[in-house]
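Chemist: Sharing target.tsv, TSV, C-alpha atoms and all ligand atoms:
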chain	number	residue	atom	x	y	z
X	1	MET	CA	23.37	-2.99	-11.35
X	2	LYS	CA	21.24	-1.75	-8.47
X	3	PRO	CA	17.57	-2.76	-8.81
X	4	HIS	CA	15.10	0.02	-9.42
X	5	ASN	CA	12.40	0.90	-6.90
X	6	ILE	CA	8.96	0.78	-8.52
X	7	ALA	CA	5.89	2.13	-6.70
X	8	LEU	CA	2.77	0.09	-7.51
X	9	LEU	CA	-0.37	1.89	-6.36
X	10	PRO	CA	-3.61	-0.13	-6.26
X	11	ALA	CA	-6.44	2.34	-6.91
X	12	ALA	CA	-9.18	0.10	-8.28
X	13	GLY	CA	-11.41	-0.12	-5.20
X	14	VAL	CA	-14.88	1.36	-4.81
X	15	GLY	CA	-14.41	2.77	-1.29
X	16	SER	CA	-17.70	1.40	0.07
X	17	ARG	CA	-16.87	2.13	3.74
X	18	PHE	CA	-15.86	5.72	2.95
X	19	GLY	CA	-19.37	6.38	1.71
X	20	ALA	CA	-18.67	9.15	-0.84
X	21	ASN	CA	-20.46	9.23	-4.18
X	22	ILE	CA	-17.17	8.56	-5.96
X	23	PRO	CA	-14.38	6.07	-5.08
X	24	LYS	CA	-12.38	7.52	-2.16
X	25	GLN	CA	-9.14	7.73	-4.17
X	26	TYR	CA	-10.82	10.51	-6.16
X	27	ALA	CA	-12.24	12.38	-3.16
X	28	ARG	CA	-10.63	15.80	-2.78
X	29	LEU	CA	-8.48	16.70	0.23
X	30	LEU	CA	-7.04	20.24	0.25
X	31	ASN	CA	-8.47	20.59	-3.23
X	32	LYS	CA	-6.52	17.70	-4.70
X	33	PRO	CA	-7.67	14.10	-5.26
X	34	VAL	CA	-6.38	11.59	-2.70
X	35	LEU	CA	-4.71	9.57	-5.47
X	36	GLN	CA	-2.92	12.70	-6.73
X	37	HIS	CA	-1.45	13.26	-3.25
X	38	THR	CA	-0.23	9.66	-3.22
X	39	ILE	CA	1.29	9.83	-6.72
X	40	ASP	CA	2.99	13.13	-5.89
X	41	LEU	CA	4.60	11.86	-2.71
X	42	PHE	CA	6.33	9.05	-4.63
X	43	ALA	CA	7.23	11.43	-7.48
X	44	ALA	CA	8.95	13.67	-4.91
X	45	ASN	CA	11.31	10.89	-3.80
X	46	PRO	CA	14.34	10.57	-6.10
X	47	ARG	CA	14.90	6.97	-4.98
X	48	ILE	CA	11.66	5.91	-6.74
X	49	SER	CA	12.26	5.45	-10.46
X	50	GLN	CA	8.79	4.50	-11.69
X	51	ILE	CA	5.18	4.78	-10.49
X	52	ALA	CA	2.50	2.38	-11.75
X	53	VAL	CA	-1.12	3.16	-10.88
X	54	VAL	CA	-3.67	0.35	-11.22
X	55	VAL	CA	-7.28	1.45	-11.77
X	56	SER	CA	-10.42	-0.44	-12.70
X	57	PRO	CA	-11.11	-1.16	-16.40
X	58	ASN	CA	-14.42	0.71	-15.82
X	59	ASP	CA	-12.80	3.75	-14.18
X	60	GLU	CA	-14.60	6.98	-15.11
X	61	TRP	CA	-12.61	9.49	-13.08
X	62	PHE	CA	-8.86	9.05	-13.60
X	63	ASP	CA	-8.51	10.89	-16.92
X	64	ASP	CA	-10.50	13.90	-15.72
X	65	CYS	CA	-8.75	14.59	-12.45
X	66	ILE	CA	-5.26	13.04	-12.27
X	67	ALA	CA	-2.08	14.59	-13.67
X	68	LEU	CA	0.66	12.01	-14.18
X	69	PRO	CA	4.29	13.05	-13.66
X	70	PRO	CA	6.72	11.78	-16.34
X	71	GLN	CA	7.81	8.73	-14.34
X	72	ALA	CA	4.22	7.52	-13.79
X	73	ALA	CA	1.72	5.56	-15.89
X	74	VAL	CA	-1.77	4.17	-15.40
X	75	TYR	CA	-2.82	0.56	-16.07
X	76	ARG	CA	-6.53	-0.26	-16.33
X	77	VAL	CA	-6.23	-3.82	-15.13
X	78	GLY	CA	-7.80	-3.67	-11.64
X	79	GLY	CA	-9.59	-6.76	-10.35
X	80	ASN	CA	-12.23	-7.76	-7.82
X	81	SER	CA	-9.91	-7.67	-4.82
X	82	ARG	CA	-6.88	-5.63	-3.80
X	83	ALA	CA	-4.68	-8.72	-4.29
X	84	GLU	CA	-6.10	-9.33	-7.77
X	85	SER	CA	-5.51	-5.69	-8.78
X	86	ILE	CA	-1.89	-5.96	-7.67
X	87	ALA	CA	-1.37	-9.37	-9.30
X	88	ASN	CA	-2.83	-8.07	-12.57
X	89	GLY	CA	-0.70	-4.92	-12.48
X	90	LEU	CA	2.47	-6.83	-11.74
X	91	THR	CA	1.79	-9.42	-14.45
X	92	TYR	CA	1.25	-6.63	-16.97
X	93	LEU	CA	4.44	-4.80	-15.98
X	94	LEU	CA	6.57	-7.96	-16.14
X	95	HIS	CA	5.08	-9.33	-19.36
X	96	HIS	CA	5.48	-6.02	-21.15
X	97	LYS	CA	9.02	-5.64	-19.78
X	98	MET	CA	8.12	-2.33	-18.16
X	99	ILE	CA	10.01	-3.57	-15.11
X	100	ASP	CA	12.71	-6.16	-14.46
X	101	GLU	CA	12.22	-9.32	-12.39
X	102	THR	CA	14.91	-8.14	-9.98
X	103	ASP	CA	13.41	-4.68	-9.48
X	104	THR	CA	11.88	-3.91	-6.11
X	105	VAL	CA	8.14	-3.29	-6.15
X	106	LEU	CA	6.75	-1.11	-3.36
X	107	VAL	CA	3.02	-1.76	-3.16
X	108	HIS	CA	1.26	1.19	-1.54
X	109	ASP	CA	-2.48	1.75	-1.03
X	110	ALA	CA	-3.64	4.74	-3.05
X	111	ALA	CA	-5.79	5.54	-0.01
X	112	ARG	CA	-2.70	6.11	2.21
X	113	CYS	CA	-2.02	9.60	0.97
X	114	CYS	CA	-0.19	10.92	4.07
X	115	LEU	CA	2.88	8.65	4.01
X	116	PRO	CA	5.75	10.81	5.33
X	117	GLN	CA	8.99	10.81	3.31
X	118	THR	CA	10.91	9.90	6.48
X	119	ALA	CA	8.99	6.61	6.75
X	120	LEU	CA	9.34	5.87	3.03
X	121	ASN	CA	13.08	6.47	3.29
X	122	ARG	CA	13.34	4.16	6.33
X	123	LEU	CA	11.78	1.40	4.24
X	124	LEU	CA	14.11	2.09	1.30
X	125	ASP	CA	17.12	2.03	3.65
X	126	ALA	CA	16.03	-1.36	5.06
X	127	LEU	CA	15.59	-2.75	1.54
X	128	GLU	CA	19.16	-1.76	0.67
X	129	GLN	CA	20.34	-3.92	3.60
X	130	ASP	CA	18.02	-6.81	2.69
X	131	HIS	CA	20.63	-9.12	1.17
X	132	GLU	CA	18.45	-12.22	1.60
X	133	ASN	CA	15.59	-10.71	-0.42
X	134	ARG	CA	12.96	-11.21	2.29
X	135	GLY	CA	11.29	-7.92	1.46
X	136	ALA	CA	10.12	-5.39	4.03
X	137	ILE	CA	6.96	-3.62	5.13
X	138	LEU	CA	6.14	-0.57	7.22
X	139	ALA	CA	4.32	-1.45	10.42
X	140	ILE	CA	3.66	-0.06	13.89
X	141	PRO	CA	4.07	-1.93	17.19
X	142	VAL	CA	0.63	-2.34	18.76
X	143	ALA	CA	0.14	0.23	21.53
X	144	ASP	CA	-3.31	-0.53	22.92
X	145	THR	CA	-4.38	-3.42	25.10
X	146	LEU	CA	-6.06	-6.06	22.97
X	147	LYS	CA	-9.24	-7.90	23.95
X	148	ARG	CA	-10.60	-11.02	22.27
X	149	GLN	CA	-14.39	-11.21	22.45
X	150	THR	CA	-16.52	-14.25	23.18
X	151	PRO	CA	-17.90	-15.82	19.97
X	152	ASN	CA	-21.55	-14.76	20.37
X	153	ALA	CA	-21.48	-11.38	22.09
X	154	PRO	CA	-19.13	-8.43	22.53
X	155	HIS	CA	-18.03	-9.64	25.98
X	156	ILE	CA	-14.37	-9.94	26.87
X	157	ALA	CA	-13.15	-13.54	26.70
X	158	HIS	CA	-9.56	-12.62	27.50
X	159	THR	CA	-6.76	-10.13	26.98
X	160	VAL	CA	-4.37	-10.90	24.13
X	161	SER	CA	-0.72	-10.12	24.75
X	162	ARG	CA	0.50	-7.34	22.47
X	163	GLU	CA	4.08	-8.55	22.76
X	164	TYR	CA	5.55	-9.02	19.28
X	165	LEU	CA	2.39	-7.69	17.61
X	166	TRP	CA	2.59	-5.07	14.85
X	167	GLN	CA	-0.07	-3.39	12.74
X	168	ALA	CA	0.79	-3.69	9.06
X	169	GLN	CA	0.89	-0.58	6.87
X	170	THR	CA	2.10	-0.02	3.33
X	171	PRO	CA	4.39	0.30	1.39
X	172	GLN	CA	5.11	-3.42	1.35
X	173	ALA	CA	8.13	-4.07	-0.83
X	174	PHE	CA	9.42	-7.22	-2.49
X	175	GLN	CA	11.44	-8.31	-5.48
X	176	ALA	CA	9.08	-8.23	-8.46
X	177	ALA	CA	9.52	-11.90	-9.44
X	178	LEU	CA	9.04	-13.08	-5.84
X	179	LEU	CA	5.86	-11.06	-5.31
X	180	HIS	CA	4.50	-12.19	-8.67
X	181	HIS	CA	5.16	-15.83	-7.81
X	182	ALA	CA	3.68	-15.44	-4.30
X	183	LEU	CA	0.50	-13.82	-5.61
X	184	GLN	CA	0.02	-16.55	-8.23
X	185	GLN	CA	0.09	-19.17	-5.42
X	186	ALA	CA	-2.23	-17.29	-3.05
X	187	ASP	CA	-6.02	-17.32	-2.66
X	188	TRP	CA	-6.83	-13.66	-3.44
X	189	THR	CA	-9.99	-13.76	-1.35
X	190	GLN	CA	-8.05	-14.76	1.77
X	191	ILE	CA	-5.08	-12.38	1.87
X	192	THR	CA	-5.45	-8.76	3.01
X	193	ASP	CA	-1.90	-7.61	2.36
X	194	ASP	CA	1.06	-8.47	0.17
X	195	ALA	CA	3.31	-9.78	2.91
X	196	SER	CA	0.76	-12.55	3.68
X	197	ALA	CA	1.33	-13.99	0.21
X	198	ILE	CA	5.10	-13.96	0.81
X	199	GLU	CA	4.67	-15.52	4.29
X	200	LEU	CA	2.80	-18.44	2.71
X	201	LEU	CA	6.05	-19.29	0.88
X	202	GLY	CA	7.82	-19.57	4.26
X	203	ILE	CA	9.67	-16.26	3.88
X	204	GLN	CA	9.82	-13.81	6.80
X	205	PRO	CA	9.75	-10.19	5.57
X	206	ILE	CA	11.38	-7.44	7.66
X	207	LEU	CA	9.23	-5.16	9.86
X	208	VAL	CA	10.27	-1.51	9.54
X	209	GLU	CA	8.87	1.14	11.88
X	210	GLY	CA	6.10	3.00	10.04
X	211	ASP	CA	4.40	6.23	11.06
X	212	SER	CA	1.09	6.86	12.81
X	213	ARG	CA	0.29	9.51	10.17
X	214	ASN	CA	0.36	6.85	7.47
X	215	ILE	CA	-3.38	6.19	7.87
X	216	LYS	CA	-5.55	4.50	5.28
X	217	LEU	CA	-8.57	6.58	4.37
X	218	THR	CA	-11.30	4.09	5.21
X	219	ARG	CA	-14.29	5.77	6.91
X	220	PRO	CA	-15.67	9.31	6.43
X	221	ASP	CA	-14.06	10.57	9.68
X	222	ASP	CA	-10.59	9.71	8.38
X	223	ALA	CA	-10.77	12.57	5.88
X	224	ARG	CA	-10.36	15.29	8.53
X	225	LEU	CA	-7.32	13.64	10.05
X	226	ALA	CA	-5.76	13.04	6.63
X	227	ALA	CA	-6.32	16.69	5.66
X	228	TYR	CA	-4.65	17.75	8.92
X	229	PHE	CA	-1.59	15.57	8.26
X	230	LEU	CA	-1.31	16.85	4.67
X	231	GLN	CA	-1.52	20.42	5.88
X	232	ASN	CA	1.21	19.96	8.48
X	233	PRO	CA	4.03	18.06	6.82
X	234	ASP	CA	7.17	18.04	8.94
X	235	ASN	CA	9.53	16.47	6.50
V	301	LIG	N1	-8.11	-1.76	-4.20
V	301	LIG	C1	-7.88	-2.16	-5.52
V	301	LIG	N2	-8.70	-3.09	-6.11
V	301	LIG	C2	-9.73	-3.62	-5.43
V	301	LIG	C3	-9.97	-3.23	-4.09
V	301	LIG	C4	-9.13	-2.30	-3.49
V	301	LIG	O1	-6.94	-1.67	-6.16
V	301	LIG	N3	-10.53	-4.49	-6.05
V	301	LIG	C5	-7.26	-0.70	-3.61
V	301	LIG	C6	-8.08	0.50	-3.12
V	301	LIG	O2	-8.34	1.39	-4.21
V	301	LIG	C7	-7.20	1.07	-2.03
V	301	LIG	C8	-6.41	-0.13	-1.52
V	301	LIG	O3	-6.61	-1.19	-2.45
V	301	LIG	O4	-6.29	2.05	-2.50
V	301	LIG	C9	-6.83	-0.52	-0.12
V	301	LIG	O5	-8.15	-1.05	-0.13
V	301	LIG	P1	-9.38	-0.50	0.71
V	301	LIG	O6	-8.93	0.52	1.68
V	301	LIG	O7	-10.15	-1.68	1.20
V	301	LIG	O8	-10.23	0.29	-0.41
V	301	LIG	P2	-11.63	-0.09	-1.03
V	301	LIG	O9	-11.70	-1.56	-1.28
V	301	LIG	O10	-11.86	0.83	-2.18
V	301	LIG	O11	-12.62	0.33	0.16
V	301	LIG	P3	-13.79	-0.56	0.81
V	301	LIG	O12	-13.14	-1.86	1.26
V	301	LIG	O13	-14.31	0.28	1.93
V	301	LIG	O14	-14.80	-0.79	-0.27
V	302	MG	MG	-11.55	-3.00	0.32
Would you mind writing the structure in this file as structure tokens?
Modeler:
Amino acid sequence: MKPHNIALLPAAGVGSRFGANIPKQYARLLNKPVLQHTIDLFAANPRISQIAVVVSPNDEWFDDCIALPPQAAVYRVGGNSRAESIANGLTYLLHHKMIDETDTVLVHDAARCCLPQTALNRLLDALEQDHENRGAILAIPVADTLKRQTPNAPHIAHTVSREYLWQAQTPQAFQAALLHHALQQADWTQITDDASAIELLGIQPILVEGDSRNIKLTRPDDARLAAYFLQNPDN
């Protein structure tokens, strides 16, 4: 049987850099919370069978402002880091048999609410061809010239070649059992994405071309750009 595609959305952060008076996943863009946009984009894709949202055990906002579609559920098991929130969510889903070990888990930042369906479908297509179970992530080849600074001041030490360099985005998708195992081995304070945990096992996940509109809402300025992308969908 074909494995199911499960979207796992970490939404347990506080959004300190965004600087709103509520966590950024609950900030409103086009009169809808960021997290609602993200849930809805996965709900609109028939290739996604289940959506699991991970929020903090102390979350005060979810119940008041989020409407869950039938294929989605919320788990209040968020941790102190993104990796811990994902590890906790995955452990819960596996232990309670909500998902199968061979299902594919697509981890996607709740704060990336502008993911175009075309990019999501490219990732799903790549996963269907991934017979070695390496997993796959969306990423963008680096376009700008990169400078490394000197250790003590923002002076240019040298230019870093951008050949073979990609900027990682999400979704990052792996077989559930593999991701669970990788996260149990990893130091949660050291890894900033899911693929890093897989890489530490010596596995080389596939890079799939992402989309420049798939931005992560991080700083206050990002809100205007995200609202623009949401207002002008082309797929
Ligand atoms: N996240 C999470 N649990 C944490 C920290 C982050 O589930 N303990 C989630 C965030 O809610 C977000 C995603 O991981 O959807 C990406 O993290 P980031 O953009 O860093 O969000 P925050 O940690 O909330 O923001 P900041 O780092 O500015 O505080
Ligand atoms: Mg953070």
Chemist: Within 9 Å of ligand MG 302 (chain V), counting only C-alpha atoms and all ligand atoms, which protein or nucleic acid residues do you find, written as a ChimeraX atom specification?
Modeler: /X:13-17,81-82,192,218
Chemist: Calculate how many Å separate atom CA of Ala110 of chain X from atom CA of Ala126 of chain X, rounding to one decimal.
Modeler: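 About the pair atom CA of Ala110 of chain X and atom CA of Ala126 of chain X: they are 22.1 Å apart.
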Chemist: Of the candidates X:Asp100, X:Asp222, X:Asp234, X:Asp64, which one gets nearest to Gly19 of chain X if we count only C-alpha atoms?
Modeler: X:Asp222
Chemist: Quick one: pull the distance between atom CA of Leu178 of chain X and atom CA of Ala119 of chain X, Å, one decimal.
Modeler: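 Going from atom CA of Leu178 of chain X over to atom CA of Ala119 of chain X covers 23.4 Å.
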Chemist: Which residues come within 8 Å of Pro233 of chain X, counting only C-alpha atoms, excluding same-chain residues fewer than 3 positions away, as a PDB file with C-alpha atoms, keeping the file's coordinate frame?
Modeler:
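selection.pdb, freshly written:
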ATOM      1  CA  PRO X 116       5.750  10.810   5.330  1.00  0.00           C
ATOM      2  CA  PHE X 229      -1.590  15.570   8.260  1.00  0.00           C
ATOM      3  CA  LEU X 230      -1.310  16.850   4.670  1.00  0.00           C
TER       4      LEU X 230
END
Chemist: Residues within 10 Å of (-4.4, 1.4, -10.4), file coordinates, counting all atoms listed in the file: what are they? Give the list as a PyMOL selection string.
Modeler: chain X and resi 8-13+35+52-57+59+62+73-79+82+85-86+88-89+109-110
Chemist: Determine the nearest neighbour of Ile22 of chain X from the options X:Phe174, X:Trp61, X:Asn5, X:Ala157, counting all atoms listed in the file.
Modeler: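 Counting all atoms listed in the file, the residue closest to Ile22 of chain X is X:Trp61.
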Chemist: Measuring atom to atom with all atoms listed in the file, identify which of X:Thr159, X:Gln184, X:Asn133, X:Asn45 is nearest to Gln204 of chain X.
Modeler: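 Closest candidate: X:Asn133.
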Chemist: Identify which of the residues X:His131, X:Lys24, X:Arg148, X:Arg122 lies closest to ligand LIG 301 (chain V), counting all atoms listed in the file when measuring atom-to-atom distances.
Modeler: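 Nearest candidate to ligand LIG 301 (chain V) out of X:His131, X:Lys24, X:Arg148, X:Arg122: X:Lys24.
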Chemist: Any idea what's packed within 9 Å of Pro220 of chain X, counting only C-alpha atoms, ignoring anything in its chain fewer than 3 positions away? Could you give it as a PyMOL selection string?
Modeler: chain X and resi 17-20+217+223-224
Chemist: So the first atom is atom CA of Asp221 of chain X and the second is atom CA of Ala143 of chain X; what is the distance between them in Å, to one decimal place?
Modeler: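 Atom CA of Ala143 of chain X lies 21.2 Å from atom CA of Asp221 of chain X.
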Chemist: Once 4 Å is added on each side, what centre and edge lengths in Å to one decimal does the axis-aligned box around all listed atoms of segment 98-112 of chain X have, as JSON?
Modeler:
{"center_x": 4.6, "center_y": -1.6, "center_z": -8.0, "size_x": 28.7, "size_y": 23.4, "size_z": 28.4}
Chemist: Any idea what's packed within 8 Å of Pro69 of chain X, counting all atoms listed in the file, ignoring anything in its chain fewer than 3 positions away? Could you give it as a PyMOL selection string?
Modeler: chain X and resi 40+43+72
